[in-house]
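So the structure is just underneath, and the comments pick up after that.
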Number of protein chains: 6
Amino acid sequence: MLICIINPNTTKKMTDRIEMVANKVASNGTSIVATNPKNGPESIEGYYDEVFCIPGILEEVFSNKEADAYIIGCFDDTGLDAVRTITNKPVLGIGDSSYHIASCLAGTFSVITTLDASVPILKNNLLKRGFDRICVNVSSVNIPVLDLDNEDSNASSSIEKEIEKSINNYKAEAIVLGCAGMADFAQKLEEKFSIPVIEGVSASIVLAEGLIRMKKNTSKLGGYSYPNPKKYSGIYKPFSLE
Amino acid sequence: MLICIINPNTTKKMTDRIEMVANKVASNGTSIVATNPKNGPESIEGYYDEVFCIPGILEEVFSNKEADAYIIGCFDDTGLDAVRTITNKPVLGIGDSSYHIASCLAGTFSVITTLDASVPILKNNLLKRGFDRICVNVSSVNIPVLDLDNEDSNASSSIEKEIEKSINNYKAEAIVLGCAGMADFAQKLEEKFSIPVIEGVSASIVLAEGLIRMKKNTSKLGGYSYPNPKKYSGIYKPFSLE
Amino acid sequence: MLICIINPNTTKKMTDRIEMVANKVASNGTSIVATNPKNGPESIEGYYDEVFCIPGILEEVFSNKEADAYIIGCFDDTGLDAVRTITNKPVLGIGDSSYHIASCLAGTFSVITTLDASVPILKNNLLKRGFDRICVNVSSVNIPVLDLDNEDSNASSSIEKEIEKSINNYKAEAIVLGCAGMADFAQKLEEKFSIPVIEGVSASIVLAEGLIRMKKNTSKLGGYSYPNPKKYSGIYKPFSLE
Amino acid sequence: MLICIINPNTTKKMTDRIEMVANKVASNGTSIVATNPKNGPESIEGYYDEVFCIPGILEEVFSNKEADAYIIGCFDDTGLDAVRTITNKPVLGIGDSSYHIASCLAGTFSVITTLDASVPILKNNLLKRGFDRICVNVSSVNIPVLDLDNEDSNASSSIEKEIEKSINNYKAEAIVLGCAGMADFAQKLEEKFSIPVIEGVSASIVLAEGLIRMKKNTSKLGGYSYPNPKKYSGIYKPFSLE
Amino acid sequence: MLICIINPNTTKKMTDRIEMVANKVASNGTSIVATNPKNGPESIEGYYDEVFCIPGILEEVFSNKEADAYIIGCFDDTGLDAVRTITNKPVLGIGDSSYHIASCLAGTFSVITTLDASVPILKNNLLKRGFDRICVNVSSVNIPVLDLDNEDSNASSSIEKEIEKSINNYKAEAIVLGCAGMADFAQKLEEKFSIPVIEGVSASIVLAEGLIRMKKNTSKLGGYSYPNPKKYSGIYKPFSLE
Amino acid sequence: MLICIINPNTTKKMTDRIEMVANKVASNGTSIVATNPKNGPESIEGYYDEVFCIPGILEEVFSNKEADAYIIGCFDDTGLDAVRTITNKPVLGIGDSSYHIASCLAGTFSVITTLDASVPILKNNLLKRGFDRICVNVSSVNIPVLDLDNEDSNASSSIEKEIEKSINNYKAEAIVLGCAGMADFAQKLEEKFSIPVIEGVSASIVLAEGLIRMKKNTSKLGGYSYPNPKKYSGIYKPFSLE
C-alpha cells in the first residue's frame, strides 16, 4: 500500500523528518511518499499561514492519485476537510489522528503545542470532533516551529514543564505533542514521565494503514461530497473541476 | 466611516447585489466599498471552493487599508479567522453577524441554506461560537447558489417549506437565510410568516457600524495576534509579512 | 430614532451616567430617553434585588410606548425576557449586548463583575445563550455597586488585577466589564492592557440602532409571544392585559 | 415538621388542590401550610406573569417564618433563586423536584406542559441544572392553565397523545407533568402507559421532608448568600433588608 | 416501609456503620436492612474492584425481595444500572443521591473522594446524569478507603484542605463527601465551614423513603426493562432468568 | 504480534465468527487468539448480562498474558475500563473502535444496534468519549442478538430501513453496526447505500495493530492505574491482587 504524507509547509528538512518518522512505524509493504507544496510559507503558525498551504496541499493530492491514503502532516489538520472532498480515499490529519490514539490509551489527555496563536485552532478542532470532552488542557511552550530543534530554544525542558503541569494540575493521563516538529522528543518524554506521549505522524500512519486494510473510503455524503463543477478564474483556473 | 465588504467569489453580479443590500441599510455617512477577488471560484459551495477564495479575500483587505471595518460576504464566514489576524479593525462574517442579530430578537432560530455540502460548515461555525445552543436546525433547499434567482429553481417556495418545518417541528422563533444570494427573499418571507427573517449583509453592516462607532478593535491576543513574519515561497511570496 | 434605556434601580445618579455614556456613542439622529423605576432597590446585587426592579421596568416600557427599542441598563439583564413579551420592538440587555460585541472582536472573553452574588446570575445568562463556550471566566472584585466610584474602594486596581488573571490564567482575549457602574473605567483599561474592554451601555446602544435600522421586531413565537390576557389582583391589577 | 407550600398565583382553588395533593403524600407528623399571594395574576403562563408573582411569594415566605422548608408550587420554579437568598431553610420548586424524582426512576424523561410560552422557561431551568442531558423533550398541549379541569379542553386526551409521542419518538422512560394543575391526571396516566408519571407537588413534598430530616440548610455561599441591606423606595420599601 | 441497603464490599464493619447512619436519618416506621455480598473485595477502589461486587449486589437484591427500595452503599454507584433492571422497586446509589440533595441546596458543589483512581468513575457518573454542569470539581485526598478511620491517615485534615480549595478556587457552594466511609466527618465539617456537607447514606435513605411514599416504580422502558431470559453457563447459571 | 480478542459471552459460534472476521483483516504476521469465558450468559443484551461477563473477560486476559493487545468483542465495550487497569498493553472495545474509525471517514455517523435495552448503554459510551457530538442517532432493530442470523428475523431488511432513516432524517454520513453479530452484513450494506458501514471487529483489529506497532501502552495514571492489592473473599478470592 502507498501512503502519501503531505507536509503543508515548504521546509524540505521538515518533510524529510516526517518521512523518516513515518517509515519507522510503517509496516513492511507500506510505501511512504512524503512531499510538500512548492508555494507557501516555511512553517504554519496560526490562521494566516494556513490559508497559503491549502491550495498546495490539494495540488499534491491531485499529483499523487495513485496513493491509497493521504495524510496532512501539520498538527492543525490544515485543509483536512477540503482534501476529503476531492478523493474517496481515507484522509487523515496528524492532529486528529493523535487524538484518536490518545483516546485509545488513556481516560484524558493534554495537548502541548508551539505557540499561543495555534491554541484556538487546536481547540476548535478538538471541539468539532468531540475530543474536548477528554482533552483536559491545550497549552503552548511559546517557541516558533522552526526553532524547536535549535538547542538554544530549550524546547525539551519547556515541554517537560508543561507535561508536569498537565499531569499535576489537569490530571492528564496521556500527552499529545501538538506539532510535527516535536516528534523527536516523544520517546524520551514517554520514558521520563511514564505516560503515553503521542506524536501525530506515527499515529496517522497506523490509522491510514488500518483504514486501507479495512478497504474503507471517505464518505461522499454531506460535507465531504465531491465539489460541484464550476468556473474558476485567474491563477486558480486549473483547480476548476468543470 | 468606510466599510469594505468582500464577496469571496468572483461573480460580479453577486458583489453588486451585496453592495445594493448594504447601501440600503447603511447609515448616512457610511460609505460602502464592495469588492471581490479576481482569482477563484464563481460561487462557494462547500469546503473545496472556500480554499481558493481566502487568498483573494486577504488581498482585498490589503488593498483596502483605509476601511474602518471589513465584512466577508459569504455565509460560511470563509476566511474570517485569517482576516482577523492581519488587521486590528473589526472584521465580520455575514453568517456570524446573522446569528448575533437573530439571538437579539428570538429565543431560538433556524438556518436555511442552499446545499447539503454547506450544512456541516455552518454547524461547525455555530458550534465554535456557542450558537448551537439556540440554533435549533440547519437545513438546505438543495439549490445551487447561482440558481437561486433563476425562477425555475423554485427557490422561494422551497425556502417557505423549510420555514414551515422550522417553525412547526423545531420551534424556531426566527429564521436566518444562510446564503448571501437569498437576501432578496427576506422581507417577503418575514411578512408571510410573521417571524423575523434575517439576511446577513444587513446584519453585518449594522454590526460593523456599531463596532466602529464604539471605536473597538479586534483583539491582538491569542488566535488573532498578528502573523509571525516568515519566508513565503512561489506564487504566495507577496503574502510574506517579513 | 428613539431608544429608551431603563436603569432598573432607583439611583438617579446612575441613570444620569448611563444616559451620558449612551449619548456619547449614539448616532446623530438618535434620541436617548434614560429613565428608572420609582419603586424598588437603589442597586441590584443578586437574585433578591432583581425581583423588585422588574415590575418597575415593565412600567417604564408601558410609559415609553413611542420608543423604537428598549434597553435594560443592568448587567444581569434583569427582566429582559419579560419585557420582550410586551412589545415587538427590539429589547436588549446590557449584559447580553456586551457578550455579542465581545464575540465579534475576540476568540474568548472574561467577565469581571462586582459581587460574588452576581456571578451565578451572569453564568446562567451566558449558558442560556451559548456564550459559555467562549466566555472563559466570570469573576468578581467584591465591591458593592454603589461603592465603585468611591475612591476608597480601589475599584480600578481591583479590576486591573482581575484583568491580569483573565489574560494570563484563562487566556481571555477580551474583557467585559460586568456592571453598568464600571462603564467609566473601560477606556483607560483598554489602553493599559491593549485588549478590547467592553462596557454594556455602548454595546447595547449600537445594537439597538442596528436592529432599528434593519427594521427588525422581536419574535412573537414561543417564549416571547404576547401574554395571555387574564385577571390580576391587588396592587398588580393595573398590569392585567385583559 | 412544617412545610409551607406557596401557590404563586392568586387562584385559591388551585392552592386548595395543591394542599390536598400535598397532604396525601406527606408523612404523619408533617403539617402543610398552603398559601398564595394576594397580589398578582390568576395563573402563570410565561415570563410576564412570573414577574408579578415573585414579590408575593417572598411576602408569603416572610409571613411563614416558622416553616421548616418552603415549596414554590409553580412548575416554572418562579422565584426559586430569590427565595433561596432570604432563608437558610430548604427551598424547592415543583419543577426542579419533579426532575430529581424522574432522574431517580428512569434513564430519560419528557416534560409535558400547558402552553408553548412556558416551554422555553422550562428548557432554561432544565439546562441550568443539567437536566437537559436526560430530558429528551419538552412539549405543550396548548391548553391554558385554568382550562385544564374544564372537560371541554380535552386535556386528558391531549396529554395522552403527547405521552405516546414522548415514548415512541423520543424514547422517554418517564413522564413529568409540567403544571401543578395536571397533578390529578398522574395516576391514571401512569396506569394506562405503565410508565412513571411524576407530578411536582408530591415530588417536592417528599424532597422537603427528606432535607428537613437530614437537617440540611440552603447554602449561604455564592448566589444564595443573604441579600445586602440597602434602601428600597416606594411600594417596595417594606422589602428593604436594611 | 423496608429499605434494603447493600454495602457492595465484604467489610462487615463498614456495613454496620452504614446501617447506623441510615437508621439515624430514617423515619419512624422505616426498617433498614443492611447487608453485603459474601464474595468479593473488602473495599472498592477503582474499576477492577467494582466488577467483583456487582454479582453479589444482585444476589442480595434477589435475597431481599420484600424490600420496598434498594440502596447501593458505594459512592461509585456500582451496579446501579444493573440492579434497576431486575426490580421495579426504586433503586438508588449513594453517589447519585448525594448529587440530587446537593443540587437542592446549592448552586454548585464539589465532590471529595478517597483515591485518584475513583475520580474518573465519579466524573462519568456525574456526566451521565447532567450533574457535571453544577459539579465544579472532583478531587481526592489520596487515602485508601479502609484507612479513613485510621487516625494516622489524617483524613480529616486532608478533607478540610480540599474543602478550602473547593470553596476558594472552584466557588463550590456545597460539598459532597465521595465515599461511604467519610460519613462520620460530615457534621463536623459542615459546622466548621458553614456550608452544606452531604454524605450519601442519609441522602439515599430520604430519597428512598420519598419514592416509596410517592408509590413510584423504576421505569421498565428502555435501559431498565427486565432482562431477556437466556441461558447462563458455569458458576453464573443460577443468575439465568430463563 | 499476538492479539487476543475476547467474546464476552459464552456462545462459541459467535467467538468463531469473530475470529474469522478478525483474521480476514489482520496483517500478515498478526496472530489472533479468539476466546470466550466459560461462565456467563450466551449473549449480552443490556446491563444485567454485562455484569456476568466481566469476571470471565478478566480471567481470559489473565490467561493470555503473552498477548500484545486485547480486544473486547462486544459492542457495549463491556468491562473495557476494568481490563485497562490490569495490563499496560493496549485494550480496545469493538464499539469504541468503530466510533474512532467512523470519525476518520465521515463528518457524522449513526449507530444501529439490536435491542432498545442496549441503546442507553451505547449512548453513555458515546457521551463519555465525546462521540455524542458526531453521532447523530442510535437506534435499534429490535432483534435479539442470537436471532440475527436466523433468516426469519429479517435482520437485513430491518437494518436497511434504519440506514435509510439515518441518512435521510439524521444526515448520517457513515453507519456503525452496533453488534458483533452484524459484522457479516457490513459489506453488502456498504455497497447498497454507498456509505461507509463499519463493523467493530475489523475496526478494533487495525487499531490494535497500530497501537502495537507504535509500541504504545495503556496509561497507568488516573482511572487505569493498577488496582490496589487487597483481600478478596469467596469465589472471587483468586482475583485478589494481593
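All residue names refer to the C-alpha cells as shown: chains lettered A, B, ... in order, residues numbered from 1 in each chain, ligands numbered from 1 in order.
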
At a cut-off of 10 Å, which residues of chain F touch chain D? Count only C-alpha atoms and give the answer as a short mmCIF file (atom, residue, chain, number, x, y, z; two decimals) with all heavy atoms, in the first residue's frame.
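File produced: out.cif:
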```cif
data_model
loop_
_atom_site.label_atom_id
_atom_site.label_comp_id
_atom_site.auth_asym_id
_atom_site.auth_seq_id
_atom_site.Cartn_x
_atom_site.Cartn_y
_atom_site.Cartn_z
N ASP F 116 -33.53 -2.21 22.07
CA ASP F 116 -33.72 -0.95 22.80
C ASP F 116 -32.94 -0.91 24.12
O ASP F 116 -32.45 0.15 24.53
CB ASP F 116 -35.21 -0.76 23.13
CG ASP F 116 -35.94 -0.06 22.00
OD1 ASP F 116 -35.29 0.24 20.97
OD2 ASP F 116 -37.14 0.20 22.14
N VAL F 119 -29.50 0.56 23.77
CA VAL F 119 -29.33 1.95 23.30
C VAL F 119 -28.73 2.86 24.38
O VAL F 119 -27.76 3.57 24.14
CB VAL F 119 -30.64 2.50 22.71
CG1 VAL F 119 -30.53 3.98 22.43
CG2 VAL F 119 -31.02 1.73 21.45
N PRO F 120 -29.29 2.86 25.62
CA PRO F 120 -28.70 3.74 26.64
C PRO F 120 -27.25 3.39 26.96
O PRO F 120 -26.45 4.29 27.27
CB PRO F 120 -29.58 3.53 27.87
CG PRO F 120 -30.84 2.91 27.38
CD PRO F 120 -30.49 2.16 26.12
#
```

- [ ] Could you give me, as an NGL selection string, the residues within 12 Å of Asn64 (chain C), counting only C-alpha atoms and dropping anything in the same chain fewer than 2 positions from it?
- [x] :C and (2-6 or 32-36 or 57-62 or 66-71 or 87 or 89)

Task: Length of the CA of Asn9 (chain E) to CA of Pro227 (chain F) vector [Å] - done: 15.0 Å

Open item on the list: Could you list, as a PyMOL selection string, every residue within 8 Å of region 15-29 of chain F, counting only C-alpha atoms and ignoring same-chain residues fewer than 6 positions away?
Closed with: (chain A and resi 213-214) or (chain F and resi 1+5-7+35-36+73+180+183+201-202+205-206)

Write the residues of the selection above to a file with C-alpha atoms, as a short mmCIF file (atom, residue, chain, number, x, y, z; two decimals), in the first residue's frame.
```
data_model
loop_
_atom_site.label_atom_id
_atom_site.label_comp_id
_atom_site.auth_asym_id
_atom_site.auth_seq_id
_atom_site.Cartn_x
_atom_site.Cartn_y
_atom_site.Cartn_z
CA ARG A 213 -6.59 -2.69 5.23
CA MET A 214 -10.30 -2.32 6.07
CA MET F 1 2.29 -9.73 17.05
CA ILE F 5 -9.91 -10.95 21.18
CA ILE F 6 -12.41 -11.93 23.84
CA ASN F 7 -16.02 -12.59 23.01
CA THR F 35 -11.65 -16.83 23.20
CA ASN F 36 -14.66 -16.55 25.47
CA GLY F 73 -15.62 -8.33 21.30
CA ALA F 180 -20.59 -8.08 16.78
CA ALA F 183 -20.41 -7.99 11.07
CA VAL F 201 -14.14 -6.39 14.91
CA SER F 202 -12.17 -5.15 11.89
CA ILE F 205 -8.01 -5.27 14.92
CA VAL F 206 -6.47 -2.50 12.82
#
```

Open item on the list: Write out as a VMD selection string the set of residues from region 51-111 of chain F that DSSP, computed on the backbone, places in alpha helix (DSSP H).
Closed with: chain F and resid 51 54 to 63 80 to 85 94 to 105

If you keep N, CA, C and O atoms, can you produce a file of those selected residues as an mmCIF file, in the first residue's frame?
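Output (out.cif):
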```
data_model
loop_
_atom_site.group_PDB
_atom_site.id
_atom_site.type_symbol
_atom_site.label_atom_id
_atom_site.label_comp_id
_atom_site.auth_asym_id
_atom_site.auth_seq_id
_atom_site.Cartn_x
_atom_site.Cartn_y
_atom_site.Cartn_z
ATOM 1 N N VAL F 51 -22.914 -7.722 33.583
ATOM 2 C CA VAL F 51 -22.306 -7.996 34.890
ATOM 3 C C VAL F 51 -21.585 -9.334 34.928
ATOM 4 O O VAL F 51 -20.480 -9.444 35.472
ATOM 5 N N ILE F 54 -18.011 -9.835 32.824
ATOM 6 C CA ILE F 54 -16.742 -9.137 33.052
ATOM 7 C C ILE F 54 -15.747 -9.967 33.864
ATOM 8 O O ILE F 54 -14.564 -10.003 33.518
ATOM 9 N N PRO F 55 -16.176 -10.703 34.912
ATOM 10 C CA PRO F 55 -15.169 -11.539 35.581
ATOM 11 C C PRO F 55 -14.511 -12.510 34.599
ATOM 12 O O PRO F 55 -13.294 -12.693 34.617
ATOM 13 N N GLY F 56 -15.303 -13.072 33.721
ATOM 14 C CA GLY F 56 -14.764 -14.009 32.726
ATOM 15 C C GLY F 56 -13.828 -13.328 31.735
ATOM 16 O O GLY F 56 -12.814 -13.919 31.320
ATOM 17 N N ILE F 57 -14.150 -12.126 31.346
ATOM 18 C CA ILE F 57 -13.252 -11.390 30.444
ATOM 19 C C ILE F 57 -11.894 -11.190 31.116
ATOM 20 O O ILE F 57 -10.837 -11.438 30.512
ATOM 21 N N LEU F 58 -11.937 -10.782 32.372
ATOM 22 C CA LEU F 58 -10.684 -10.554 33.105
ATOM 23 C C LEU F 58 -9.885 -11.844 33.209
ATOM 24 O O LEU F 58 -8.656 -11.854 33.057
ATOM 25 N N GLU F 59 -10.604 -12.940 33.453
ATOM 26 C CA GLU F 59 -9.947 -14.253 33.525
ATOM 27 C C GLU F 59 -9.217 -14.565 32.217
ATOM 28 O O GLU F 59 -8.085 -15.049 32.218
ATOM 29 N N GLU F 60 -9.877 -14.285 31.117
ATOM 30 C CA GLU F 60 -9.253 -14.555 29.814
ATOM 31 C C GLU F 60 -8.012 -13.684 29.606
ATOM 32 O O GLU F 60 -7.035 -14.118 28.997
ATOM 33 N N VAL F 61 -8.076 -12.462 30.092
ATOM 34 C CA VAL F 61 -6.901 -11.590 29.960
ATOM 35 C C VAL F 61 -5.741 -12.156 30.787
ATOM 36 O O VAL F 61 -4.611 -12.267 30.306
ATOM 37 N N PHE F 62 -6.057 -12.551 32.030
ATOM 38 C CA PHE F 62 -5.019 -13.152 32.870
ATOM 39 C C PHE F 62 -4.440 -14.423 32.223
ATOM 40 O O PHE F 62 -3.257 -14.720 32.375
ATOM 41 N N SER F 63 -5.289 -15.166 31.509
ATOM 42 C CA SER F 63 -4.842 -16.425 30.904
ATOM 43 C C SER F 63 -4.115 -16.214 29.584
ATOM 44 O O SER F 63 -3.648 -17.168 28.970
ATOM 45 N N LEU F 80 -14.427 -2.792 29.498
ATOM 46 C CA LEU F 80 -13.248 -2.136 28.902
ATOM 47 C C LEU F 80 -12.406 -1.403 29.948
ATOM 48 O O LEU F 80 -11.179 -1.573 30.005
ATOM 49 N N ASP F 81 -13.065 -0.615 30.785
ATOM 50 C CA ASP F 81 -12.314 0.154 31.782
ATOM 51 C C ASP F 81 -11.602 -0.764 32.778
ATOM 52 O O ASP F 81 -10.458 -0.514 33.157
ATOM 53 N N ALA F 82 -12.286 -1.830 33.181
ATOM 54 C CA ALA F 82 -11.678 -2.751 34.156
ATOM 55 C C ALA F 82 -10.463 -3.445 33.560
ATOM 56 O O ALA F 82 -9.411 -3.555 34.213
ATOM 57 N N VAL F 83 -10.576 -3.913 32.333
ATOM 58 C CA VAL F 83 -9.433 -4.603 31.720
ATOM 59 C C VAL F 83 -8.241 -3.659 31.621
ATOM 60 O O VAL F 83 -7.095 -4.059 31.842
ATOM 61 N N ARG F 84 -8.511 -2.409 31.329
ATOM 62 C CA ARG F 84 -7.389 -1.466 31.189
ATOM 63 C C ARG F 84 -6.615 -1.249 32.488
ATOM 64 O O ARG F 84 -5.497 -0.741 32.454
ATOM 65 N N THR F 85 -7.203 -1.650 33.628
ATOM 66 C CA THR F 85 -6.463 -1.477 34.885
ATOM 67 C C THR F 85 -5.484 -2.615 35.155
ATOM 68 O O THR F 85 -4.602 -2.473 35.987
ATOM 69 N N ILE F 94 -14.826 -3.117 20.758
ATOM 70 C CA ILE F 94 -15.211 -3.021 19.340
ATOM 71 C C ILE F 94 -16.164 -1.850 19.094
ATOM 72 O O ILE F 94 -16.215 -1.312 17.999
ATOM 73 N N GLY F 95 -16.904 -1.448 20.134
ATOM 74 C CA GLY F 95 -17.755 -0.261 19.966
ATOM 75 C C GLY F 95 -16.903 0.979 19.817
ATOM 76 O O GLY F 95 -16.946 1.665 18.794
ATOM 77 N N ASP F 96 -16.098 1.237 20.813
ATOM 78 C CA ASP F 96 -15.227 2.408 20.788
ATOM 79 C C ASP F 96 -14.378 2.458 19.515
ATOM 80 O O ASP F 96 -14.221 3.513 18.899
ATOM 81 N N SER F 97 -13.836 1.316 19.117
ATOM 82 C CA SER F 97 -13.008 1.275 17.904
ATOM 83 C C SER F 97 -13.817 1.694 16.675
ATOM 84 O O SER F 97 -13.324 2.411 15.806
ATOM 85 N N SER F 98 -15.044 1.237 16.612
ATOM 86 C CA SER F 98 -15.893 1.606 15.474
ATOM 87 C C SER F 98 -16.104 3.106 15.414
ATOM 88 O O SER F 98 -16.122 3.698 14.332
ATOM 89 N N TYR F 99 -16.296 3.720 16.570
ATOM 90 C CA TYR F 99 -16.537 5.165 16.574
ATOM 91 C C TYR F 99 -15.295 5.905 16.076
ATOM 92 O O TYR F 99 -15.391 6.870 15.329
ATOM 93 N N HIS F 100 -14.121 5.442 16.488
ATOM 94 C CA HIS F 100 -12.897 6.091 16.014
ATOM 95 C C HIS F 100 -12.786 5.978 14.488
ATOM 96 O O HIS F 100 -12.490 6.960 13.804
ATOM 97 N N ILE F 101 -13.019 4.784 13.981
ATOM 98 C CA ILE F 101 -12.881 4.583 12.528
ATOM 99 C C ILE F 101 -13.933 5.413 11.775
ATOM 100 O O ILE F 101 -13.624 6.082 10.780
ATOM 101 N N ALA F 102 -15.155 5.414 12.261
ATOM 102 C CA ALA F 102 -16.207 6.217 11.602
ATOM 103 C C ALA F 102 -15.819 7.689 11.595
ATOM 104 O O ALA F 102 -16.016 8.395 10.600
ATOM 105 N N SER F 103 -15.260 8.145 12.691
ATOM 106 C CA SER F 103 -14.872 9.555 12.818
ATOM 107 C C SER F 103 -13.772 9.927 11.822
ATOM 108 O O SER F 103 -13.658 11.094 11.424
ATOM 109 N N CYS F 104 -12.965 8.945 11.408
ATOM 110 C CA CYS F 104 -11.902 9.205 10.420
ATOM 111 C C CYS F 104 -12.435 9.248 8.993
ATOM 112 O O CYS F 104 -11.721 9.662 8.073
ATOM 113 N N LEU F 105 -13.654 8.801 8.789
ATOM 114 C CA LEU F 105 -14.166 8.653 7.420
ATOM 115 C C LEU F 105 -15.320 9.579 7.083
ATOM 116 O O LEU F 105 -15.670 9.726 5.910
#
```

Task: Computed interatomic separation between CA of Leu127 (chain F) and CA of Asp76 (chain D) (Å) - done: 28.6 Å

TODO: Please provide the set of residues having any atom within 7 Å of region 156-170 of chain C, restricted to only C-alpha atoms, with same-chain residues fewer than 6 positions apart removed, written as a ChimeraX atom specification.
DONE: /C:110,136-137,141

What would the file look like if the residues just selected were written as a short mmCIF file (atom, residue, chain, number, x, y, z; two decimals), in the first residue's frame with N, CA, C and O atoms?
```cif
data_model
loop_
_atom_site.label_atom_id
_atom_site.label_comp_id
_atom_site.auth_asym_id
_atom_site.auth_seq_id
_atom_site.Cartn_x
_atom_site.Cartn_y
_atom_site.Cartn_z
N SER C 110 -13.51 37.32 29.14
CA SER C 110 -13.81 37.15 30.57
C SER C 110 -14.77 38.24 31.01
O SER C 110 -14.75 39.32 30.44
N VAL C 136 -14.45 32.54 29.11
CA VAL C 136 -13.54 31.63 29.81
C VAL C 136 -13.53 31.81 31.32
O VAL C 136 -12.99 30.98 32.04
N ASN C 137 -14.13 32.91 31.80
CA ASN C 137 -14.13 33.12 33.25
C ASN C 137 -15.09 34.25 33.62
O ASN C 137 -15.22 35.23 32.90
N VAL C 141 -14.93 41.51 41.85
CA VAL C 141 -13.93 42.27 42.62
C VAL C 141 -14.37 42.50 44.06
O VAL C 141 -13.65 43.11 44.84
#
```

TODO: Could you tell me how far CA of Leu115 (chain E) lies from CA of Phe193 (chain A), in Å and to one decimal?
DONE: 20.4 Å

Task: DSSP-assigned strand (DSSP E or B) members of region 43-110 of chain A, reported as a PyMOL selection string - done: chain A and resi 69-72+91-93+109-110

What would the file look like if the residues just selected were written as a compact mmCIF listing (two decimals), in the first residue's frame with N, CA, C and O atoms?
```txt
# COMPACT_ATOMS: atom_id res chain seq x y z
N ALA A 69 -3.99 6.39 0.55
CA ALA A 69 -4.48 7.24 1.64
C ALA A 69 -3.59 8.47 1.69
O ALA A 69 -2.43 8.43 1.24
N TYR A 70 -4.14 9.54 2.25
CA TYR A 70 -3.39 10.79 2.35
C TYR A 70 -3.31 11.24 3.81
O TYR A 70 -4.28 11.06 4.56
N ILE A 71 -2.19 11.82 4.15
CA ILE A 71 -2.03 12.36 5.50
C ILE A 71 -1.56 13.80 5.40
O ILE A 71 -0.66 14.11 4.61
N ILE A 72 -2.20 14.67 6.18
CA ILE A 72 -1.77 16.06 6.23
C ILE A 72 -0.86 16.21 7.43
O ILE A 72 -1.29 16.01 8.58
N VAL A 91 -8.41 10.06 4.32
CA VAL A 91 -7.56 11.24 4.51
C VAL A 91 -7.47 11.52 6.01
O VAL A 91 -8.50 11.63 6.67
N LEU A 92 -6.26 11.64 6.50
CA LEU A 92 -6.07 11.86 7.93
C LEU A 92 -5.24 13.10 8.19
O LEU A 92 -4.40 13.47 7.38
N GLY A 93 -5.48 13.73 9.33
CA GLY A 93 -4.61 14.80 9.80
C GLY A 93 -3.81 14.27 10.97
O GLY A 93 -4.29 13.41 11.71
N PHE A 109 -6.37 13.45 28.09
CA PHE A 109 -5.05 13.84 27.57
C PHE A 109 -4.92 15.36 27.53
O PHE A 109 -5.91 16.08 27.59
N SER A 110 -3.68 15.82 27.45
CA SER A 110 -3.36 17.22 27.23
C SER A 110 -2.63 17.37 25.91
O SER A 110 -1.93 16.44 25.50
```

Open item on the list: List as a VMD selection string the protein and nucleic acid residues near Ser240 (chain A), meaning an atom at most 8 Å away when only C-alpha atoms are counted, but skip any in the same chain fewer than 6 places from it.
Closed with: (chain A and resid 229 to 232) or (chain B and resid 41)

Open item on the list: Please list as a VMD selection string every residue within 7 Å of Asn39 (chain F), counting only C-alpha atoms and excluding residues in the same chain fewer than 6 positions away.
Closed with: (chain E and resid 233 to 236) or (chain F and resid 10 56)
